[in-house]
Amino acid sequence: MPDLKMIETALDSLLAQEAMELVDLRWLQEGSRWILRVYADKHGGIGLDDCEYLSGRIGAFIDETDAIRESYILEVSSPGIDRVLKKEKDFARFEGHRVRMRLKLPVDGQRNFQGQIRGVVDGRVVVDAGNERTFQVRPDEIEEARLIADVRP
């Protein structure tokens with residue numbers, strides 16, 4: 001298995017040079033194929049041309065460093081409207097937005113929550129889950145968090 005932490009750190013730096021950010025990185029097996037899925041974004045959104053350009057840069061980096069030794073497919077994509085939130089800065093950026101999250105361990109017997117992000121306080125994400133229920137969790141306690149797309153007719 002490739003060293004995903006090393007790859008993530010290197011891609012953070014590589015994308016920062018392009019005024020972009022690494023949103024998420026996934027190493028998946030689909031059937032007999034391995035896939036490195038990279039989600040990137042930039043101010044104003046990322047387009048197809050950006051994804052194509054980044055695919056070339058990222059592929060060249062992986063080849064030059066021999067970071068992945070097995071055969072794999074590289075996919076570079078926009079995070080989409082239901083983007084993943086992982087880092088403290090992600091939650092701060094999307095304060096006021098609705099989020100769906102699954103925690104690694106239950107809080108009050110519950111792992112799945114939906115609510116509105118109220119901000120980040122002392123390294124903890126504050127979420128208003130309604131019915132006068134507010135909870136605070138560290139980003140490393142969250143298994144997955146995604147924005148809830150606000151689709152209006």
# chains A, B, ... in the order shown; residues from 1 in each chain; ligands from 1
call {"tool": "residues_around", "arguments": {"residues": "Leu25 in chain A", "least_positions_apart": "4", "cutoff": "9 Å", "atoms": "only C-alpha atoms", "output": "list in words"}}
result
Leu4, Ile7, Glu8, Leu36, Arg37, Val38, Tyr39 and Ala40 of chain A
call {"tool": "residues_around", "arguments": {"residues": "Glu88 in chain A", "least_positions_apart": "2", "cutoff": "10 Å", "atoms": "only C-alpha atoms", "output": "JSON, numbers by chain"}}
result
{"A": [85, 86, 90, 91, 92, 93, 119, 120, 121, 123, 124, 125, 138, 139, 140]}
call {"tool": "residues_around", "arguments": {"residues": "Met101 in chain A", "least_positions_apart": "3", "cutoff": "9 Å", "atoms": "only C-alpha atoms", "output": "list in words"}}
result
Arg111, Asn112, Phe113, Gln114, Gly115, Ile142, Glu143, Glu144, Ala145, Arg146 and Leu147 of chain A
call {"tool": "write_last_selection", "arguments": {"atoms": "C-alpha atoms", "output": "compact mmCIF listing (two decimals), in the first residue's frame"}}
result
# COMPACT_ATOMS: atom_id res chain seq x y z
CA ARG A 111 -23.12 8.40 15.45
CA ASN A 112 -25.05 10.09 12.62
CA PHE A 113 -26.02 13.75 12.78
CA GLN A 114 -27.28 16.50 10.53
CA GLY A 115 -27.19 20.14 11.42
CA ILE A 142 -15.41 12.47 12.60
CA GLU A 143 -15.47 9.45 10.31
CA GLU A 144 -17.05 11.43 7.46
CA ALA A 145 -18.65 14.84 7.08
CA ARG A 146 -20.31 16.15 3.91
CA LEU A 147 -22.07 19.36 3.05
call {"tool": "select_by_dssp", "arguments": {"residues": "chain A", "states": "helix (DSSP H, G or I)", "output": "ChimeraX atom specification"}}
result
/A:4-17,48-65,88-93,139-141
call {"tool": "closest_residue", "arguments": {"among": "A:Asn131, A:Gln136, A:Gln116, A:Ser71", "to": "Arg33 in chain A", "atoms": "only C-alpha atoms"}}
result
A:Ser71
call {"tool": "select_by_dssp", "arguments": {"residues": "chain A", "states": "strand (DSSP E or B)", "output": "PyMOL selection string"}}
result
chain A and resi 21-30+33-41+73-77+84+98-107+110-121+124-128+134-137+142-147
call {"tool": "residues_around", "arguments": {"residues": "Val76 in chain A", "least_positions_apart": "4", "cutoff": "12 Å", "atoms": "only C-alpha atoms", "output": "PyMOL selection string"}}
result
chain A and resi 11+15+22-26+35-41+46-59+80
